[in-house]
>>> print(open('coords-v7.csv').read())   # CSV, C-alpha atoms
chain,number,residue,atom,x,y,z
R,1,MET,CA,0.0,0.0,0.0
R,2,ARG,CA,1.3,3.4,-0.9
R,3,PRO,CA,1.8,6.0,1.9
R,4,ASP,CA,-1.0,8.5,2.6
R,5,THR,CA,-0.4,11.8,0.8
R,6,ASP,CA,-1.0,14.0,3.8
R,7,GLU,CA,1.5,12.0,5.9
R,8,LEU,CA,4.1,12.3,3.2
R,9,LEU,CA,3.7,16.1,2.9
R,10,LEU,CA,4.2,16.4,6.7
R,11,ALA,CA,7.2,14.1,6.7
R,12,ILE,CA,8.9,16.1,3.9
R,13,ARG,CA,8.5,19.3,5.8
R,14,ARG,CA,10.1,17.6,8.9
R,15,ALA,CA,13.0,16.2,6.8
R,16,ASP,CA,14.5,19.5,5.6
R,17,GLU,CA,17.7,18.8,7.6
R,18,SER,CA,18.3,15.6,5.7
R,19,GLU,CA,18.6,16.1,2.0
R,20,ALA,CA,18.7,12.3,1.3
R,21,GLN,CA,15.7,11.6,3.4
R,22,ALA,CA,13.8,14.5,1.9
R,23,ALA,CA,14.6,13.3,-1.6
R,24,ALA,CA,13.3,9.8,-0.8
R,25,LEU,CA,10.1,11.2,0.7
R,26,ILE,CA,9.6,13.5,-2.4
R,27,HIS,CA,9.9,10.4,-4.6
R,28,ALA,CA,7.3,8.6,-2.6
R,29,LEU,CA,5.0,11.6,-2.7
R,30,GLN,CA,5.3,11.8,-6.4
R,31,GLN,CA,4.2,8.1,-6.7
R,32,THR,CA,1.0,8.9,-4.7
R,33,LEU,CA,0.0,11.8,-7.0
R,34,ILE,CA,0.4,9.9,-10.3
R,35,PRO,CA,-1.6,6.7,-11.0
R,36,PRO,CA,0.9,3.8,-11.6
R,37,THR,CA,-1.0,2.9,-14.8
R,38,PRO,CA,-4.3,4.1,-16.3
R,39,PRO,CA,-7.2,1.8,-15.7
R,40,ARG,CA,-8.6,-0.5,-18.4
R,41,VAL,CA,-11.5,1.2,-20.2
R,42,PRO,CA,-13.6,-1.3,-22.2
R,43,GLY,CA,-13.6,-0.3,-25.9
R,44,LEU,CA,-10.9,2.2,-25.5
R,45,ASP,CA,-7.1,2.0,-25.5
R,46,VAL,CA,-5.7,4.4,-22.8
R,47,ALA,CA,-2.0,5.1,-22.0
R,48,ALA,CA,-0.1,7.7,-20.1
R,49,VAL,CA,3.5,8.8,-19.7
R,50,TYR,CA,4.8,11.0,-16.9
R,51,ARG,CA,8.4,12.2,-16.7
R,52,PRO,CA,9.2,14.5,-13.7
R,53,ALA,CA,11.9,17.2,-13.9
R,54,ILE,CA,15.0,16.2,-12.0
R,55,GLY,CA,15.2,16.9,-8.2
R,56,GLU,CA,11.8,18.2,-7.1
R,57,VAL,CA,8.1,17.2,-6.9
R,58,GLY,CA,6.6,18.9,-10.0
R,59,GLY,CA,3.1,20.2,-10.5
R,60,ASP,CA,2.0,18.0,-13.4
R,61,PHE,CA,-0.8,15.4,-12.7
R,62,TYR,CA,-3.3,13.3,-14.4
R,63,ASP,CA,-6.1,11.0,-13.4
R,64,VAL,CA,-8.4,8.5,-15.2
R,65,PHE,CA,-11.4,7.1,-13.4
R,66,GLU,CA,-14.8,5.6,-13.9
R,67,VAL,CA,-17.8,7.6,-12.9
R,68,ALA,CA,-20.5,5.1,-13.9
R,69,GLU,CA,-20.8,2.3,-16.4
R,70,GLY,CA,-19.8,3.7,-19.8
R,71,ASP,CA,-18.9,7.0,-18.3
R,72,TRP,CA,-15.3,8.0,-17.6
R,73,CYS,CA,-13.5,11.1,-16.5
R,74,VAL,CA,-9.9,12.1,-17.5
R,75,ALA,CA,-8.2,15.1,-15.9
R,76,LEU,CA,-4.8,16.4,-16.7
R,77,GLY,CA,-3.2,19.5,-15.1
R,78,ASP,CA,-0.2,21.6,-14.3
R,79,VAL,CA,0.2,23.5,-11.0
R,80,SER,CA,2.5,26.5,-11.0
R,81,GLY,CA,5.9,26.0,-9.4
R,82,LYS,CA,7.4,22.9,-7.8
R,83,GLY,CA,8.0,21.4,-4.4
R,84,THR,CA,5.6,20.5,-1.5
R,85,ASP,CA,3.3,23.6,-2.0
R,86,ALA,CA,2.7,22.5,-5.6
R,87,ALA,CA,2.1,18.9,-4.4
R,88,ILE,CA,-0.5,20.1,-1.9
R,89,VAL,CA,-2.4,21.9,-4.7
R,90,THR,CA,-2.0,18.8,-6.9
R,91,SER,CA,-3.5,16.6,-4.2
R,92,THR,CA,-6.4,19.0,-3.6
R,93,ALA,CA,-7.2,19.2,-7.3
R,94,ARG,CA,-7.3,15.5,-7.9
R,95,HIS,CA,-9.5,15.0,-4.8
R,96,VAL,CA,-12.0,17.8,-5.9
R,97,VAL,CA,-12.3,16.4,-9.4
R,98,ARG,CA,-12.9,12.8,-8.2
R,99,SER,CA,-15.4,13.7,-5.5
R,100,ASN,CA,-17.4,16.0,-7.7
R,101,ALA,CA,-17.4,14.3,-11.1
R,102,LEU,CA,-20.7,12.4,-10.5
R,103,ARG,CA,-22.6,15.6,-9.5
R,104,HIS,CA,-21.1,17.7,-12.3
R,105,PRO,CA,-21.2,15.8,-15.6
R,106,GLN,CA,-20.2,18.8,-17.8
R,107,PRO,CA,-16.5,19.3,-17.8
R,108,SER,CA,-17.0,23.1,-17.6
R,109,ASP,CA,-19.1,22.8,-14.5
R,110,LEU,CA,-16.5,20.6,-12.9
R,111,LEU,CA,-13.8,23.2,-13.6
R,112,ARG,CA,-15.9,25.8,-11.9
R,113,VAL,CA,-16.2,23.7,-8.8
R,114,LEU,CA,-12.4,23.1,-8.9
R,115,ASN,CA,-11.7,26.8,-9.3
R,116,ALA,CA,-13.8,27.7,-6.3
R,117,ALA,CA,-12.0,25.1,-4.2
R,118,LEU,CA,-8.6,26.4,-5.3
R,119,VAL,CA,-9.5,30.1,-4.8
R,120,GLU,CA,-10.4,29.2,-1.2
R,121,HIS,CA,-7.2,27.2,-0.7
R,122,PRO,CA,-4.5,29.0,1.4
R,123,THR,CA,-1.8,29.1,-1.3
R,124,ASP,CA,-0.8,31.5,-4.0
R,125,ARG,CA,-0.4,28.6,-6.5
R,126,PHE,CA,-2.6,28.5,-9.6
R,127,CYS,CA,-3.0,25.7,-12.2
R,128,THR,CA,-4.2,24.8,-15.6
R,129,VAL,CA,-6.5,21.8,-16.1
R,130,VAL,CA,-8.2,20.1,-19.0
R,131,ILE,CA,-11.1,17.7,-18.3
R,132,VAL,CA,-12.5,15.2,-20.7
R,133,ARG,CA,-15.7,13.2,-20.1
R,134,LEU,CA,-16.0,10.0,-22.1
R,135,ARG,CA,-19.5,8.5,-22.5
R,136,TYR,CA,-20.5,5.4,-24.4
R,137,VAL,CA,-23.8,6.4,-26.0
R,138,ASP,CA,-25.8,4.4,-28.7
R,139,GLY,CA,-22.7,2.4,-29.7
R,140,ALA,CA,-20.3,5.3,-29.9
R,141,TRP,CA,-17.9,7.1,-27.6
R,142,ILE,CA,-18.6,10.8,-27.1
R,143,ALA,CA,-15.8,13.0,-25.7
R,144,SER,CA,-16.8,16.2,-24.0
R,145,MET,CA,-13.9,18.5,-23.0
R,146,SER,CA,-13.2,21.8,-21.3
R,147,SER,CA,-9.9,23.6,-20.8
R,148,GLY,CA,-9.0,25.9,-18.0
R,149,GLY,CA,-6.0,27.8,-19.3
R,150,HIS,CA,-4.5,24.5,-20.5
R,151,PRO,CA,-3.2,23.4,-23.9
R,152,PHE,CA,-6.1,22.0,-25.9
R,153,PRO,CA,-6.4,18.3,-26.5
R,154,VAL,CA,-5.3,17.0,-29.9
R,155,LEU,CA,-7.5,14.8,-32.1
R,156,THR,CA,-5.5,12.6,-34.5
R,157,ARG,CA,-7.6,11.2,-37.3
R,158,HIS,CA,-6.6,9.7,-40.7
R,159,GLY,CA,-3.0,11.0,-40.5
R,160,SER,CA,-4.0,14.6,-39.4
R,161,ALA,CA,-3.8,16.3,-36.0
R,162,THR,CA,-6.3,19.0,-34.9
R,163,ASN,CA,-6.5,21.0,-31.7
R,164,LEU,CA,-9.9,20.8,-30.0
R,165,GLY,CA,-11.4,23.3,-27.5
R,166,ARG,CA,-12.0,26.9,-26.6
R,167,PRO,CA,-9.9,29.1,-24.3
R,168,GLY,CA,-10.8,29.1,-20.6
R,169,SER,CA,-9.6,30.8,-17.5
R,170,LEU,CA,-6.7,29.8,-15.3
R,171,LEU,CA,-7.8,28.1,-12.1
R,172,GLY,CA,-7.2,29.3,-8.6
R,173,LEU,CA,-6.8,33.0,-9.2
R,174,PHE,CA,-10.3,34.6,-9.6
R,175,ASP,CA,-13.9,33.9,-8.7
R,176,ASP,CA,-15.1,35.2,-12.0
R,177,VAL,CA,-14.1,32.5,-14.6
R,178,GLU,CA,-15.2,31.3,-18.0
R,179,PHE,CA,-15.1,27.8,-19.3
R,180,HIS,CA,-16.6,26.2,-22.5
R,181,ASP,CA,-17.5,22.6,-23.5
R,182,VAL,CA,-16.7,21.1,-26.8
R,183,SER,CA,-17.9,17.6,-27.8
R,184,ILE,CA,-16.9,15.2,-30.5
R,185,LYS,CA,-17.7,11.6,-31.5
R,186,LEU,CA,-14.6,9.4,-31.6
R,187,ALA,CA,-14.5,7.2,-34.7
R,188,ARG,CA,-12.6,4.0,-34.9
R,189,GLY,CA,-8.9,4.7,-35.0
R,190,ASP,CA,-9.2,8.2,-33.6
R,191,SER,CA,-6.9,9.3,-30.8
R,192,LEU,CA,-7.4,12.1,-28.3
R,193,VAL,CA,-4.1,13.3,-26.8
R,194,LEU,CA,-3.8,15.4,-23.6
R,195,TYR,CA,-0.5,16.9,-22.6
R,196,THR,CA,1.2,19.5,-20.3
R,197,ASP,CA,3.3,22.3,-21.6
R,198,GLY,CA,6.5,20.5,-20.8
R,199,MET,CA,5.9,18.6,-24.0
R,200,VAL,CA,6.3,21.7,-26.1
R,201,GLU,CA,8.6,23.9,-24.1
R,202,GLY,CA,11.7,21.6,-24.3
R,203,ARG,CA,14.7,23.4,-25.8
R,204,ASN,CA,17.6,22.3,-27.9
R,205,HIS,CA,21.2,23.6,-27.8
R,206,GLN,CA,20.2,26.6,-29.9
R,207,ASP,CA,17.6,27.5,-27.2
R,208,GLU,CA,14.8,26.7,-29.7
R,209,PHE,CA,11.5,25.4,-28.4
R,210,TYR,CA,10.3,22.0,-29.5
R,211,GLY,CA,6.9,23.7,-30.1
R,212,GLU,CA,3.4,22.6,-31.0
R,213,ALA,CA,4.1,22.0,-34.7
R,214,ARG,CA,6.7,19.3,-33.9
R,215,LEU,CA,4.4,17.7,-31.4
R,216,LEU,CA,1.5,17.5,-33.9
R,217,GLY,CA,4.0,16.0,-36.4
R,218,ALA,CA,5.0,13.4,-33.8
R,219,LEU,CA,1.4,12.5,-33.0
R,220,ILE,CA,0.5,11.6,-36.6
R,221,GLN,CA,3.2,9.1,-36.9
R,222,PRO,CA,2.0,5.5,-37.2
R,223,ALA,CA,1.6,3.7,-33.8
R,224,ALA,CA,0.2,0.3,-33.1
R,225,SER,CA,-1.3,1.3,-29.7
R,226,ALA,CA,-2.0,4.2,-27.4
R,227,GLU,CA,1.0,3.2,-25.4
R,228,ASP,CA,3.2,3.2,-28.5
R,229,LEU,CA,1.9,6.7,-29.5
R,230,ALA,CA,2.5,8.1,-26.1
R,231,ASN,CA,6.0,6.7,-25.8
R,232,GLN,CA,7.2,7.7,-29.2
R,233,ALA,CA,5.8,11.3,-28.8
R,234,VAL,CA,7.6,11.7,-25.4
R,235,ALA,CA,10.8,10.1,-26.9
R,236,ASP,CA,10.7,12.7,-29.7
R,237,VAL,CA,10.6,15.5,-27.2
R,238,MET,CA,13.4,14.1,-25.1
R,239,THR,CA,15.6,13.5,-28.2
R,240,PHE,CA,15.1,17.1,-29.2
R,241,GLN,CA,16.2,18.4,-25.8
R,242,THR,CA,19.9,18.6,-25.2
R,243,SER,CA,19.8,18.3,-21.4
R,244,HIS,CA,17.6,16.9,-18.7
R,245,ALA,CA,13.9,18.0,-18.8
R,246,ARG,CA,13.5,21.5,-17.3
R,247,ASP,CA,9.9,20.9,-16.7
R,248,ASP,CA,7.6,17.9,-16.0
R,249,ILE,CA,6.1,16.1,-18.9
R,250,ALA,CA,2.7,14.4,-18.7
R,251,LEU,CA,0.8,13.0,-21.6
R,252,VAL,CA,-2.4,10.9,-21.9
R,253,VAL,CA,-3.6,9.1,-25.0
R,254,ILE,CA,-7.1,7.9,-25.5
R,255,ARG,CA,-7.6,5.8,-28.6
R,256,ASN,CA,-10.9,4.3,-29.9
R,257,ALA,CA,-9.7,0.8,-30.4
>>> encode(input="coords-v7.csv", output="structure tokens")
Amino acid sequence: MRPDTDELLLAIRRADESEAQAAALIHALQQTLIPPTPPRVPGLDVAAVYRPAIGEVGGDFYDVFEVAEGDWCVALGDVSGKGTDAAIVTSTARHVVRSNALRHPQPSDLLRVLNAALVEHPTDRFCTVVIVRLRYVDGAWIASMSSGGHPFPVLTRHGSATNLGRPGSLLGLFDDVEFHDVSIKLARGDSLVLYTDGMVEGRNHQDEFYGEARLLGALIQPAASAEDLANQAVADVMTFQTSHARDDIALVVIRNA
């Protein structure tokens, strides 16, 4: 059984005098915030990759969970900053999303609930989050999504890649926020890709960003599975970079199998 998140946060604060002990606790905390593997979703092929920046707990997180039969929620976010404060906000965000998904089936409504919780939270951290609701309706998967200041999901279909979504507010800063829902039917072979900005902000030796265009190009390369697509996209980013990742990288691929 993995340690309780709150206990780990407290232990890290108490372990400042021991760098090695703090590093070990930080690693354990990171494991509690990121699912070891995405769950099996009948009819869909789901995969995820997470690569933390070296040395600290980062703010990237994702979660995939079942709300009801044929009804799943996917959340992916990026909390500003690093360290235990970012981890606290990450833990709060995942808890709020999971505990409110049943009562708030529209992703935009769930983002509003999350924003309200983060505004009340005693921290100056903010975050970006994208939420996707997957429902199996009349023999087809319908994906509804909303973005709160986060990079839009990417739909890959027949060798092309398209951004989906409308701009939404950052979370945790203001009471007055605006979010929008966008829905699409996933055809056989379609993939929906969620990612954090660490995927596009990697730099090479010329200080050039990897960028969205390169990412879209990597996502349309042939892949036998969601796992293959996720791994090859992240590998392309890491190959482009000339040093260790400066930021966390998180990516989730949902493919209509």
>>> residues_around(input="coords-v7.csv", residues="region 158-168 of chain R", least_positions_apart="2", cutoff="7 Å", atoms="all atoms listed in the file", output="number ranges by chain")
R: 146-149, 152-156, 170, 178-180, 182, 216, 220
>>> residues_around(input="coords-v7.csv", residues="region 106-109 of chain R", least_positions_apart="2", cutoff="7 Å", atoms="all atoms listed in the file", output="compact mmCIF listing (two decimals) with C-alpha atoms, in the frame of the given file")
# COMPACT_ATOMS: atom_id res chain seq x y z
CA HIS R 104 -21.10 17.70 -12.30
CA LEU R 111 -13.80 23.20 -13.60
CA ARG R 112 -15.90 25.80 -11.90
CA VAL R 113 -16.20 23.70 -8.80
CA ILE R 131 -11.10 17.70 -18.30
CA VAL R 132 -12.50 15.20 -20.70
CA ARG R 133 -15.70 13.20 -20.10
CA SER R 144 -16.80 16.20 -24.00
CA MET R 145 -13.90 18.50 -23.00
CA SER R 146 -13.20 21.80 -21.30
CA PHE R 179 -15.10 27.80 -19.30
CA HIS R 180 -16.60 26.20 -22.50
CA ASP R 181 -17.50 22.60 -23.50
>>> residues_around(input="coords-v7.csv", residues="Leu171 (chain R)", least_positions_apart="4", cutoff="9 Å", atoms="all atoms listed in the file", output="ChimeraX atom specification")
/R:111-112,114-116,118-119,126-129,148-149,177
>>> residues_near_point(input="coords-v7.csv", point="(-5.6, 17.9, -7.2)", cutoff="10 Å", atoms="all atoms listed in the file", output="PyMOL selection string")
chain R and resi 33+59-63+75-79+86-98+114+118+127+129
>>> atom_distance(input="coords-v7.csv", atom1="CA of Leu102 (chain R)", atom2="CA of Val67 (chain R)")
6.1 Å
>>> atom_distance(input="coords-v7.csv", atom1="CA of Gln232 (chain R)", atom2="CA of Ala218 (chain R)")
7.6 Å
>>> atom_distance(input="coords-v7.csv", atom1="CA of Ala250 (chain R)", atom2="CA of Pro39 (chain R)")
16.3 Å
>>> closest_atom_pairs(input="coords-v7.csv", of="region 34-73 of chain R", to="region 184-199 of chain R", cutoff="12 Å", atoms="only C-alpha atoms", output="Markdown table")
| residue | atom | partner | partner_atom | distance |
| --- | --- | --- | --- | --- |
| R:Gly43 | CA | R:Arg188 | CA | 10.0 |
| R:Leu44 | CA | R:Arg188 | CA | 9.7 |
| R:Asp45 | CA | R:Ser191 | CA | 9.0 |
| R:Val46 | CA | R:Ser191 | CA | 9.5 |
| R:Ala47 | CA | R:Val193 | CA | 9.7 |
| R:Ala48 | CA | R:Leu194 | CA | 9.2 |
| R:Val49 | CA | R:Tyr195 | CA | 9.5 |
| R:Tyr50 | CA | R:Tyr195 | CA | 9.8 |
| R:Arg51 | CA | R:Gly198 | CA | 9.5 |
| R:Pro52 | CA | R:Gly198 | CA | 9.7 |
| R:Ala53 | CA | R:Gly198 | CA | 9.4 |
| R:Gly58 | CA | R:Gly198 | CA | 10.9 |
| R:Gly59 | CA | R:Thr196 | CA | 10.0 |
| R:Asp60 | CA | R:Thr196 | CA | 7.1 |
| R:Phe61 | CA | R:Thr196 | CA | 8.9 |
| R:Tyr62 | CA | R:Tyr195 | CA | 9.4 |
| R:Asp63 | CA | R:Leu194 | CA | 11.3 |
| R:Val64 | CA | R:Leu194 | CA | 11.8 |
>>> closest_residue(input="coords-v7.csv", among="R:Val234, R:Arg214, R:Gly139, R:Phe65", to="Pro35 (chain R)", atoms="only C-alpha atoms")
R:Phe65
>>> residues_around(input="coords-v7.csv", residues="Gln241 (chain R)", least_positions_apart="3", cutoff="9 Å", atoms="only C-alpha atoms", output="ChimeraX atom specification")
/R:202-205,209-210,236-238,244-245
>>> write_last_selection(input="coords-v7.csv", atoms="C-alpha atoms", output="PDB file, in the frame of the given file")
ATOM      1  CA  GLY R 202      11.700  21.600 -24.300  1.00  0.00           C
ATOM      2  CA  ARG R 203      14.700  23.400 -25.800  1.00  0.00           C
ATOM      3  CA  ASN R 204      17.600  22.300 -27.900  1.00  0.00           C
ATOM      4  CA  HIS R 205      21.200  23.600 -27.800  1.00  0.00           C
ATOM      5  CA  PHE R 209      11.500  25.400 -28.400  1.00  0.00           C
ATOM      6  CA  TYR R 210      10.300  22.000 -29.500  1.00  0.00           C
ATOM      7  CA  ASP R 236      10.700  12.700 -29.700  1.00  0.00           C
ATOM      8  CA  VAL R 237      10.600  15.500 -27.200  1.00  0.00           C
ATOM      9  CA  MET R 238      13.400  14.100 -25.100  1.00  0.00           C
ATOM     10  CA  HIS R 244      17.600  16.900 -18.700  1.00  0.00           C
ATOM     11  CA  ALA R 245      13.900  18.000 -18.800  1.00  0.00           C
TER      12      ALA R 245
END
>>> closest_residue(input="coords-v7.csv", among="R:Arg135, R:Pro38, R:Phe240, R:Thr84", to="Gln206 (chain R)", atoms="only C-alpha atoms")
R:Phe240
>>> axis_aligned_box(input="coords-v7.csv", around="region 128-137 of chain R", padding_each_side="4 Å", output="lines of an AutoDock Vina configuration file")
center_x = -14.0
center_y = 15.1
center_z = -20.8
size_x = 27.6
size_y = 27.4
size_z = 18.4
>>> build_atoms(input="coords-v7.csv", residues="region 231-251 of chain R", atoms="N, CA and C atoms", output="mmCIF file, keeping the file's coordinate frame")
data_model
loop_
_atom_site.group_PDB
_atom_site.id
_atom_site.type_symbol
_atom_site.label_atom_id
_atom_site.label_comp_id
_atom_site.auth_asym_id
_atom_site.auth_seq_id
_atom_site.Cartn_x
_atom_site.Cartn_y
_atom_site.Cartn_z
ATOM 1 N N ASN R 231 4.575 6.831 -25.960
ATOM 2 C CA ASN R 231 6.000 6.700 -25.800
ATOM 3 C C ASN R 231 6.819 7.316 -26.882
ATOM 4 N N GLN R 232 6.364 7.175 -28.124
ATOM 5 C CA GLN R 232 7.200 7.700 -29.200
ATOM 6 C C GLN R 232 7.061 9.265 -29.241
ATOM 7 N N ALA R 233 5.930 9.823 -28.818
ATOM 8 C CA ALA R 233 5.800 11.300 -28.800
ATOM 9 C C ALA R 233 6.749 11.846 -27.687
ATOM 10 N N VAL R 234 6.761 11.228 -26.505
ATOM 11 C CA VAL R 234 7.600 11.700 -25.400
ATOM 12 C C VAL R 234 9.106 11.490 -25.823
ATOM 13 N N ALA R 235 9.413 10.373 -26.469
ATOM 14 C CA ALA R 235 10.800 10.100 -26.900
ATOM 15 C C ALA R 235 11.259 11.172 -27.890
ATOM 16 N N ASP R 236 10.356 11.628 -28.762
ATOM 17 C CA ASP R 236 10.700 12.700 -29.700
ATOM 18 C C ASP R 236 11.065 13.964 -29.019
ATOM 19 N N VAL R 237 10.301 14.306 -27.994
ATOM 20 C CA VAL R 237 10.600 15.500 -27.200
ATOM 21 C C VAL R 237 11.935 15.378 -26.503
ATOM 22 N N MET R 238 12.184 14.230 -25.887
ATOM 23 C CA MET R 238 13.400 14.100 -25.100
ATOM 24 C C MET R 238 14.636 14.033 -26.047
ATOM 25 N N THR R 239 14.495 13.497 -27.243
ATOM 26 C CA THR R 239 15.600 13.500 -28.200
ATOM 27 C C THR R 239 15.923 14.918 -28.642
ATOM 28 N N PHE R 240 14.889 15.743 -28.788
ATOM 29 C CA PHE R 240 15.100 17.100 -29.200
ATOM 30 C C PHE R 240 15.845 17.925 -28.162
ATOM 31 N N GLN R 241 15.564 17.653 -26.900
ATOM 32 C CA GLN R 241 16.200 18.400 -25.800
ATOM 33 C C GLN R 241 17.671 17.959 -25.689
ATOM 34 N N THR R 242 18.507 18.892 -25.293
ATOM 35 C CA THR R 242 19.900 18.600 -25.200
ATOM 36 C C THR R 242 20.376 18.428 -23.737
ATOM 37 N N SER R 243 19.440 18.529 -22.800
ATOM 38 C CA SER R 243 19.800 18.300 -21.400
ATOM 39 C C SER R 243 18.564 17.701 -20.708
ATOM 40 N N HIS R 244 18.667 17.499 -19.409
ATOM 41 C CA HIS R 244 17.600 16.900 -18.700
ATOM 42 C C HIS R 244 16.331 17.851 -18.802
ATOM 43 N N ALA R 245 15.171 17.259 -18.717
ATOM 44 C CA ALA R 245 13.900 18.000 -18.800
ATOM 45 C C ALA R 245 13.919 19.131 -17.755
ATOM 46 N N ARG R 246 13.637 20.367 -18.209
ATOM 47 C CA ARG R 246 13.500 21.500 -17.300
ATOM 48 C C ARG R 246 12.169 21.545 -16.618
ATOM 49 N N ASP R 247 11.233 20.856 -17.189
ATOM 50 C CA ASP R 247 9.900 20.900 -16.700
ATOM 51 C C ASP R 247 9.330 19.443 -16.699
ATOM 52 N N ASP R 248 8.291 19.209 -15.906
ATOM 53 C CA ASP R 248 7.600 17.900 -16.000
ATOM 54 C C ASP R 248 6.992 17.708 -17.323
ATOM 55 N N ILE R 249 6.795 16.444 -17.660
ATOM 56 C CA ILE R 249 6.100 16.100 -18.900
ATOM 57 C C ILE R 249 5.012 15.072 -18.520
ATOM 58 N N ALA R 250 3.799 15.364 -18.912
ATOM 59 C CA ALA R 250 2.700 14.400 -18.700
ATOM 60 C C ALA R 250 1.881 14.369 -20.006
ATOM 61 N N LEU R 251 1.500 13.165 -20.386
ATOM 62 C CA LEU R 251 0.800 13.000 -21.600
ATOM 63 C C LEU R 251 -0.181 11.779 -21.455
#
